[in-house]
Amino acid sequence: ENYTRKQHLFMHTIKTPLVLTSLLFCNRSVLTKGLKQPTYFLARNFCFSTTSSFLRGGKTTMGPIKTTFSCLGDDDLEPEHGEWKTFDPKTCQGVYGLGISAVAPRPVAVITSRSEGDILNCAPFSYTGLLSHDPPMVCHGICMSRQGKKDTLVNIEQTKEWVFNVLSDTWVTEANACSGEVSSDINELEMAGLDTLPCDIVKVPRVKQALVAMECKLESTKEIINDNGKHTTTVVFGRIVKYHIHSSVLGGTEEKPVVDLEKIRLCGRVGGITYWPAGEGKALSMKRP
């Protein structure tokens with residue numbers, strides 16, 4: 001449906017941070033014919049197609065859609081129906097729970113790495129993000145365990161390389177099985193029943209079940225120190241040196257390839273122990289092993 005010029009201009013006056021913080025994963029069950037990717041959910045049951053022509057002020061496609069999220073369009077979610085509460089992270093006892101439920105959904109990087117002793121390791125991390133495209137850079141926040149540095153962090157610091165395997169809801173159970181703390185001599189890939197394929201540049205294999213995988217080389221690390229002087233997290237910054245995309249989820253052209261968001265059925269993390277499969281628009285709660 002084509003909206004009036006006034007409504008069109010309103011769309012272009014929405015500030016970028018508001019749009020970004022309101023986005024949810026694409027739900028393939030509500031993609032309609034003629035609606036171009038990438039497509040996102042925004043509150044109040046409206047779906048916006050943020051194509052390049054849209055961003056340049058071209059024709060905008062916008063219309064109300066039915067979703068599987070019952071909360072969208074609920075008047076109780078309007079600011080006028082409640083009150084604001086503020087929390088100081090220095091005094092709040094639930095900073096972890098608040099953080100992972102407020103910054104959601106988050107992409108899950110199922111990281112494969114190899115130790116200097118040639119032991120493979122696999123673990124999922126949702127403190128993950130894409131930082132830039134020129135060059136293509138990603139980051140992962142790897143928190144300390146009770147025993148100290150996790151095997152993934154030790155391996156990355158030693159070998160300077162890893163693979164970012166993108167999680168889909170077709171193998172979320174196996175990925176979740178890799179999240180438990182086990183001895184460093186245990187191969188989580190074998191334990192979880194995951195298969196591997198060789199990479200082109202790094203010596204670490206990628207997960208066969210991952211329809212998108214990225215070979216990464218370490219650029220730098222940043223240690224996060226809390227107010228008590230304790231090292232709690234290390235952020236690793238990596239450059240993507242090779243993409244592996246399965247043809248079943250590949251879109252675009254040979255010169256400008258893209259991942260088909262409808263087909264890949266991305267799976268992210270939200271608050272608590274919940275995974276969020278984008279493809280079906282529903283949540284999965286899974287306890288860590």
# chains A, B, ... in the order shown; residues from 1 in each chain; ligands from 1

call {"tool": "residues_around", "arguments": {"residues": "Arg206 of chain A", "least_positions_apart": "5", "cutoff": "8 Å", "atoms": "only C-alpha atoms", "output": "MDAnalysis selection string"}}
result
chainID A and resid 112 163:165 196:199 213

call {"tool": "write_last_selection", "arguments": {"atoms": "C-alpha atoms", "output": "PDB file, in the first residue's frame"}}
result
ATOM      1  CA  THR A 112      35.223 -23.417  16.698  1.00  0.00           C
ATOM      2  CA  VAL A 163      35.607 -19.813  12.897  1.00  0.00           C
ATOM      3  CA  PHE A 164      32.348 -17.930  13.492  1.00  0.00           C
ATOM      4  CA  ASN A 165      29.630 -20.490  12.704  1.00  0.00           C
ATOM      5  CA  THR A 196      33.056 -30.510  10.411  1.00  0.00           C
ATOM      6  CA  LEU A 197      34.383 -29.285   7.093  1.00  0.00           C
ATOM      7  CA  PRO A 198      37.864 -27.888   6.383  1.00  0.00           C
ATOM      8  CA  CYS A 199      38.505 -24.178   6.013  1.00  0.00           C
ATOM      9  CA  ALA A 213      30.511 -19.731   8.474  1.00  0.00           C
TER      10      ALA A 213
END

call {"tool": "select_by_dssp", "arguments": {"residues": "segment 132-279 of chain A", "states": "helix (DSSP H, G or I)", "output": "ChimeraX atom specification"}}
result
/A:151-159,172-177,188-192,247-249,261-264

call {"tool": "write_last_selection", "arguments": {"atoms": "N, CA and C atoms", "output": "PDB file, in the first residue's frame"}}
result
ATOM      1  N   ASP A 151      38.339 -22.113  27.362  1.00  0.00           N
ATOM      2  CA  ASP A 151      39.182 -22.739  26.336  1.00  0.00           C
ATOM      3  C   ASP A 151      39.153 -21.957  25.029  1.00  0.00           C
ATOM      4  N   THR A 152      37.991 -21.434  24.661  1.00  0.00           N
ATOM      5  CA  THR A 152      37.875 -20.660  23.417  1.00  0.00           C
ATOM      6  C   THR A 152      38.822 -19.473  23.439  1.00  0.00           C
ATOM      7  N   LEU A 153      38.832 -18.742  24.538  1.00  0.00           N
ATOM      8  CA  LEU A 153      39.706 -17.568  24.646  1.00  0.00           C
ATOM      9  C   LEU A 153      41.174 -17.977  24.631  1.00  0.00           C
ATOM     10  N   VAL A 154      41.513 -19.013  25.367  1.00  0.00           N
ATOM     11  CA  VAL A 154      42.902 -19.486  25.388  1.00  0.00           C
ATOM     12  C   VAL A 154      43.350 -19.867  23.976  1.00  0.00           C
ATOM     13  N   ASN A 155      42.518 -20.586  23.266  1.00  0.00           N
ATOM     14  CA  ASN A 155      42.868 -21.018  21.906  1.00  0.00           C
ATOM     15  C   ASN A 155      43.043 -19.837  20.963  1.00  0.00           C
ATOM     16  N   ILE A 156      42.135 -18.868  21.045  1.00  0.00           N
ATOM     17  CA  ILE A 156      42.220 -17.703  20.159  1.00  0.00           C
ATOM     18  C   ILE A 156      43.474 -16.887  20.453  1.00  0.00           C
ATOM     19  N   GLU A 157      43.788 -16.725  21.733  1.00  0.00           N
ATOM     20  CA  GLU A 157      44.984 -15.964  22.086  1.00  0.00           C
ATOM     21  C   GLU A 157      46.253 -16.685  21.629  1.00  0.00           C
ATOM     22  N   GLN A 158      46.228 -18.014  21.648  1.00  0.00           N
ATOM     23  CA  GLN A 158      47.409 -18.782  21.269  1.00  0.00           C
ATOM     24  C   GLN A 158      47.571 -18.898  19.759  1.00  0.00           C
ATOM     25  N   THR A 159      46.498 -19.205  19.054  1.00  0.00           N
ATOM     26  CA  THR A 159      46.590 -19.494  17.613  1.00  0.00           C
ATOM     27  C   THR A 159      46.208 -18.315  16.719  1.00  0.00           C
ATOM     28  N   VAL A 172      20.172 -25.963  16.865  1.00  0.00           N
ATOM     29  CA  VAL A 172      20.324 -25.240  18.119  1.00  0.00           C
ATOM     30  C   VAL A 172      20.528 -26.181  19.305  1.00  0.00           C
ATOM     31  N   THR A 173      19.927 -27.366  19.267  1.00  0.00           N
ATOM     32  CA  THR A 173      20.093 -28.318  20.370  1.00  0.00           C
ATOM     33  C   THR A 173      21.542 -28.773  20.487  1.00  0.00           C
ATOM     34  N   GLU A 174      22.164 -29.066  19.352  1.00  0.00           N
ATOM     35  CA  GLU A 174      23.575 -29.483  19.359  1.00  0.00           C
ATOM     36  C   GLU A 174      24.483 -28.341  19.811  1.00  0.00           C
ATOM     37  N   ALA A 175      24.179 -27.131  19.358  1.00  0.00           N
ATOM     38  CA  ALA A 175      24.988 -25.974  19.759  1.00  0.00           C
ATOM     39  C   ALA A 175      24.875 -25.726  21.256  1.00  0.00           C
ATOM     40  N   ASN A 176      23.665 -25.859  21.787  1.00  0.00           N
ATOM     41  CA  ASN A 176      23.463 -25.644  23.212  1.00  0.00           C
ATOM     42  C   ASN A 176      24.222 -26.681  24.039  1.00  0.00           C
ATOM     43  N   ALA A 177      24.351 -27.889  23.494  1.00  0.00           N
ATOM     44  CA  ALA A 177      25.078 -28.947  24.194  1.00  0.00           C
ATOM     45  C   ALA A 177      26.556 -28.597  24.349  1.00  0.00           C
ATOM     46  N   GLU A 188      34.066 -30.904  22.032  1.00  0.00           N
ATOM     47  CA  GLU A 188      32.618 -30.688  22.119  1.00  0.00           C
ATOM     48  C   GLU A 188      31.902 -31.034  20.818  1.00  0.00           C
ATOM     49  N   LEU A 189      32.591 -30.933  19.706  1.00  0.00           N
ATOM     50  CA  LEU A 189      31.984 -31.279  18.418  1.00  0.00           C
ATOM     51  C   LEU A 189      31.570 -32.748  18.390  1.00  0.00           C
ATOM     52  N   GLU A 190      32.461 -33.603  18.822  1.00  0.00           N
ATOM     53  CA  GLU A 190      32.154 -35.030  18.877  1.00  0.00           C
ATOM     54  C   GLU A 190      31.090 -35.305  19.932  1.00  0.00           C
ATOM     55  N   MET A 191      31.195 -34.624  21.066  1.00  0.00           N
ATOM     56  CA  MET A 191      30.253 -34.820  22.154  1.00  0.00           C
ATOM     57  C   MET A 191      28.824 -34.458  21.736  1.00  0.00           C
ATOM     58  N   ALA A 192      28.693 -33.391  20.943  1.00  0.00           N
ATOM     59  CA  ALA A 192      27.375 -32.913  20.528  1.00  0.00           C
ATOM     60  C   ALA A 192      26.886 -33.553  19.240  1.00  0.00           C
ATOM     61  N   SER A 247      24.638 -22.941  -0.751  1.00  0.00           N
ATOM     62  CA  SER A 247      23.801 -22.465  -1.857  1.00  0.00           C
ATOM     63  C   SER A 247      22.317 -22.405  -1.497  1.00  0.00           C
ATOM     64  N   SER A 248      21.893 -23.207  -0.526  1.00  0.00           N
ATOM     65  CA  SER A 248      20.478 -23.234  -0.156  1.00  0.00           C
ATOM     66  C   SER A 248      20.013 -21.952   0.517  1.00  0.00           C
ATOM     67  N   VAL A 249      20.958 -21.152   1.039  1.00  0.00           N
ATOM     68  CA  VAL A 249      20.586 -19.896   1.697  1.00  0.00           C
ATOM     69  C   VAL A 249      21.246 -18.690   1.028  1.00  0.00           C
ATOM     70  N   LEU A 261      17.497 -14.354   4.383  1.00  0.00           N
ATOM     71  CA  LEU A 261      17.054 -14.397   5.772  1.00  0.00           C
ATOM     72  C   LEU A 261      15.840 -15.286   5.989  1.00  0.00           C
ATOM     73  N   GLU A 262      15.049 -15.470   4.951  1.00  0.00           N
ATOM     74  CA  GLU A 262      13.874 -16.321   5.080  1.00  0.00           C
ATOM     75  C   GLU A 262      14.264 -17.793   5.155  1.00  0.00           C
ATOM     76  N   LYS A 263      15.301 -18.160   4.428  1.00  0.00           N
ATOM     77  CA  LYS A 263      15.679 -19.573   4.343  1.00  0.00           C
ATOM     78  C   LYS A 263      16.617 -20.026   5.454  1.00  0.00           C
ATOM     79  N   ILE A 264      17.473 -19.135   5.934  1.00  0.00           N
ATOM     80  CA  ILE A 264      18.495 -19.580   6.883  1.00  0.00           C
ATOM     81  C   ILE A 264      17.936 -19.827   8.275  1.00  0.00           C
TER      82      ILE A 264
END

call {"tool": "closest_residue", "arguments": {"among": "A:Val207, A:Val258, A:Ile225, A:Val236", "to": "Tyr127 of chain A", "atoms": "only C-alpha atoms"}}
result
A:Val236

call {"tool": "residues_around", "arguments": {"residues": "Pro107 of chain A", "least_positions_apart": "5", "cutoff": "12 Å", "atoms": "only C-alpha atoms", "output": "list in words"}}
result
Leu24, Phe25, Ile100, Pro124, Phe125, Ser126, Tyr127, Thr128, Gly129, Leu130, Val138, Cys139, His140, Phe164, Asn165, Val166, Leu167, Ser168, Arg265, Leu266, Cys267, Gly268, Arg269, Val270, Tyr275, Trp276, Pro277 and Ala278 of chain A

call {"tool": "atom_distance", "arguments": {"atom1": "atom CA of Met144 of chain A", "atom2": "atom CA of Val95 of chain A"}}
result
16.2 Å

call {"tool": "residues_around", "arguments": {"residues": "segment 222-224 of chain A", "least_positions_apart": "3", "cutoff": "7 Å", "atoms": "only C-alpha atoms", "output": "PyMOL selection string"}}
result
chain A and resi 231-236

call {"tool": "write_last_selection", "arguments": {"atoms": "C-alpha atoms", "output": "PDB file, in the first residue's frame"}}
result
ATOM      1  CA  HIS A 231      39.281  -9.234  35.004  1.00  0.00           C
ATOM      2  CA  THR A 232      35.760 -10.379  34.043  1.00  0.00           C
ATOM      3  CA  THR A 233      35.694 -10.504  30.244  1.00  0.00           C
ATOM      4  CA  THR A 234      37.961 -10.359  27.226  1.00  0.00           C
ATOM      5  CA  VAL A 235      36.642  -8.923  23.984  1.00  0.00           C
ATOM      6  CA  VAL A 236      38.295 -10.406  20.907  1.00  0.00           C
TER       7      VAL A 236
END

call {"tool": "select_by_dssp", "arguments": {"residues": "segment 144-205 of chain A", "states": "strand (DSSP E or B)", "output": "list in words"}}
result
Ser145, Gly148, Glu161, Trp162, Val163, Phe164, Asn165, Val166, Ser168, Thr196 and Leu197 of chain A

call {"tool": "decode", "arguments": {"residues": "segment 90-111 of chain A", "atoms": "N, CA, C and O atoms", "output": "JSON list (two decimals), in the first residue's frame"}}
result
[["chain", "number", "residue", "atom", "x", "y", "z"],
["A", 90, "LYS", "N", 25.63, 0.03, 39.07],
["A", 90, "LYS", "CA", 26.58, -0.14, 40.17],
["A", 90, "LYS", "C", 25.91, -0.66, 41.44],
["A", 90, "LYS", "O", 26.57, -1.22, 42.31],
["A", 91, "THR", "N", 24.59, -0.48, 41.54],
["A", 91, "THR", "CA", 23.88, -0.94, 42.73],
["A", 91, "THR", "C", 22.85, -2.02, 42.43],
["A", 91, "THR", "O", 22.41, -2.72, 43.34],
["A", 92, "CYS", "N", 22.47, -2.17, 41.18],
["A", 92, "CYS", "CA", 21.48, -3.17, 40.80],
["A", 92, "CYS", "C", 22.07, -4.57, 40.94],
["A", 92, "CYS", "O", 23.17, -4.85, 40.47],
["A", 93, "GLN", "N", 21.31, -5.47, 41.59],
["A", 93, "GLN", "CA", 21.80, -6.83, 41.80],
["A", 93, "GLN", "C", 21.59, -7.74, 40.59],
["A", 93, "GLN", "O", 22.17, -8.80, 40.51],
["A", 94, "GLY", "N", 20.76, -7.31, 39.65],
["A", 94, "GLY", "CA", 20.44, -8.16, 38.50],
["A", 94, "GLY", "C", 20.98, -7.63, 37.20],
["A", 94, "GLY", "O", 20.28, -7.64, 36.18],
["A", 95, "VAL", "N", 22.20, -7.15, 37.20],
["A", 95, "VAL", "CA", 22.77, -6.54, 35.99],
["A", 95, "VAL", "C", 22.87, -7.55, 34.85],
["A", 95, "VAL", "O", 22.60, -7.22, 33.69],
["A", 96, "TYR", "N", 23.24, -8.79, 35.17],
["A", 96, "TYR", "CA", 23.36, -9.80, 34.11],
["A", 96, "TYR", "C", 22.01, -10.06, 33.46],
["A", 96, "TYR", "O", 21.86, -9.99, 32.23],
["A", 97, "GLY", "N", 21.00, -10.37, 34.25],
["A", 97, "GLY", "CA", 19.68, -10.65, 33.72],
["A", 97, "GLY", "C", 19.09, -9.46, 32.99],
["A", 97, "GLY", "O", 18.42, -9.62, 31.95],
["A", 98, "LEU", "N", 19.31, -8.26, 33.52],
["A", 98, "LEU", "CA", 18.80, -7.06, 32.87],
["A", 98, "LEU", "C", 19.49, -6.85, 31.53],
["A", 98, "LEU", "O", 18.86, -6.51, 30.53],
["A", 99, "GLY", "N", 20.79, -7.07, 31.50],
["A", 99, "GLY", "CA", 21.55, -6.84, 30.27],
["A", 99, "GLY", "C", 21.15, -7.77, 29.14],
["A", 99, "GLY", "O", 20.91, -7.33, 28.02],
["A", 100, "ILE", "N", 21.04, -9.06, 29.44],
["A", 100, "ILE", "CA", 20.75, -10.02, 28.36],
["A", 100, "ILE", "C", 19.28, -9.99, 27.93],
["A", 100, "ILE", "O", 18.95, -10.49, 26.85],
["A", 101, "SER", "N", 18.41, -9.40, 28.76],
["A", 101, "SER", "CA", 17.01, -9.27, 28.35],
["A", 101, "SER", "C", 16.74, -7.93, 27.68],
["A", 101, "SER", "O", 15.79, -7.81, 26.90],
["A", 102, "ALA", "N", 17.56, -6.92, 27.98],
["A", 102, "ALA", "CA", 17.39, -5.60, 27.36],
["A", 102, "ALA", "C", 18.04, -5.53, 25.99],
["A", 102, "ALA", "O", 17.51, -4.89, 25.07],
["A", 103, "VAL", "N", 19.19, -6.15, 25.84],
["A", 103, "VAL", "CA", 19.89, -6.17, 24.55],
["A", 103, "VAL", "C", 19.58, -7.51, 23.89],
["A", 103, "VAL", "O", 20.32, -8.48, 24.06],
["A", 104, "ALA", "N", 18.48, -7.55, 23.16],
["A", 104, "ALA", "CA", 18.00, -8.82, 22.61],
["A", 104, "ALA", "C", 17.10, -8.55, 21.40],
["A", 104, "ALA", "O", 16.47, -7.51, 21.33],
["A", 105, "PRO", "N", 17.03, -9.51, 20.48],
["A", 105, "PRO", "CA", 17.82, -10.75, 20.44],
["A", 105, "PRO", "C", 19.25, -10.47, 19.97],
["A", 105, "PRO", "O", 19.50, -9.50, 19.28],
["A", 106, "ARG", "N", 20.16, -11.34, 20.39],
["A", 106, "ARG", "CA", 21.57, -11.21, 20.02],
["A", 106, "ARG", "C", 21.97, -12.37, 19.11],
["A", 106, "ARG", "O", 21.56, -13.51, 19.34],
["A", 107, "PRO", "N", 22.80, -12.12, 18.11],
["A", 107, "PRO", "CA", 23.28, -13.22, 17.27],
["A", 107, "PRO", "C", 24.15, -14.17, 18.08],
["A", 107, "PRO", "O", 24.83, -13.75, 19.03],
["A", 108, "VAL", "N", 24.11, -15.43, 17.73],
["A", 108, "VAL", "CA", 24.93, -16.43, 18.41],
["A", 108, "VAL", "C", 26.06, -16.86, 17.49],
["A", 108, "VAL", "O", 25.82, -17.33, 16.38],
["A", 109, "ALA", "N", 27.28, -16.69, 17.97],
["A", 109, "ALA", "CA", 28.43, -17.21, 17.25],
["A", 109, "ALA", "C", 28.82, -18.53, 17.88],
["A", 109, "ALA", "O", 29.22, -18.58, 19.05],
["A", 110, "VAL", "N", 28.67, -19.61, 17.15],
["A", 110, "VAL", "CA", 29.17, -20.91, 17.62],
["A", 110, "VAL", "C", 30.61, -20.99, 17.15],
["A", 110, "VAL", "O", 30.89, -21.21, 15.97],
["A", 111, "ILE", "N", 31.53, -20.75, 18.07],
["A", 111, "ILE", "CA", 32.94, -20.60, 17.73],
["A", 111, "ILE", "C", 33.67, -21.93, 17.79],
["A", 111, "ILE", "O", 33.62, -22.63, 18.81]]
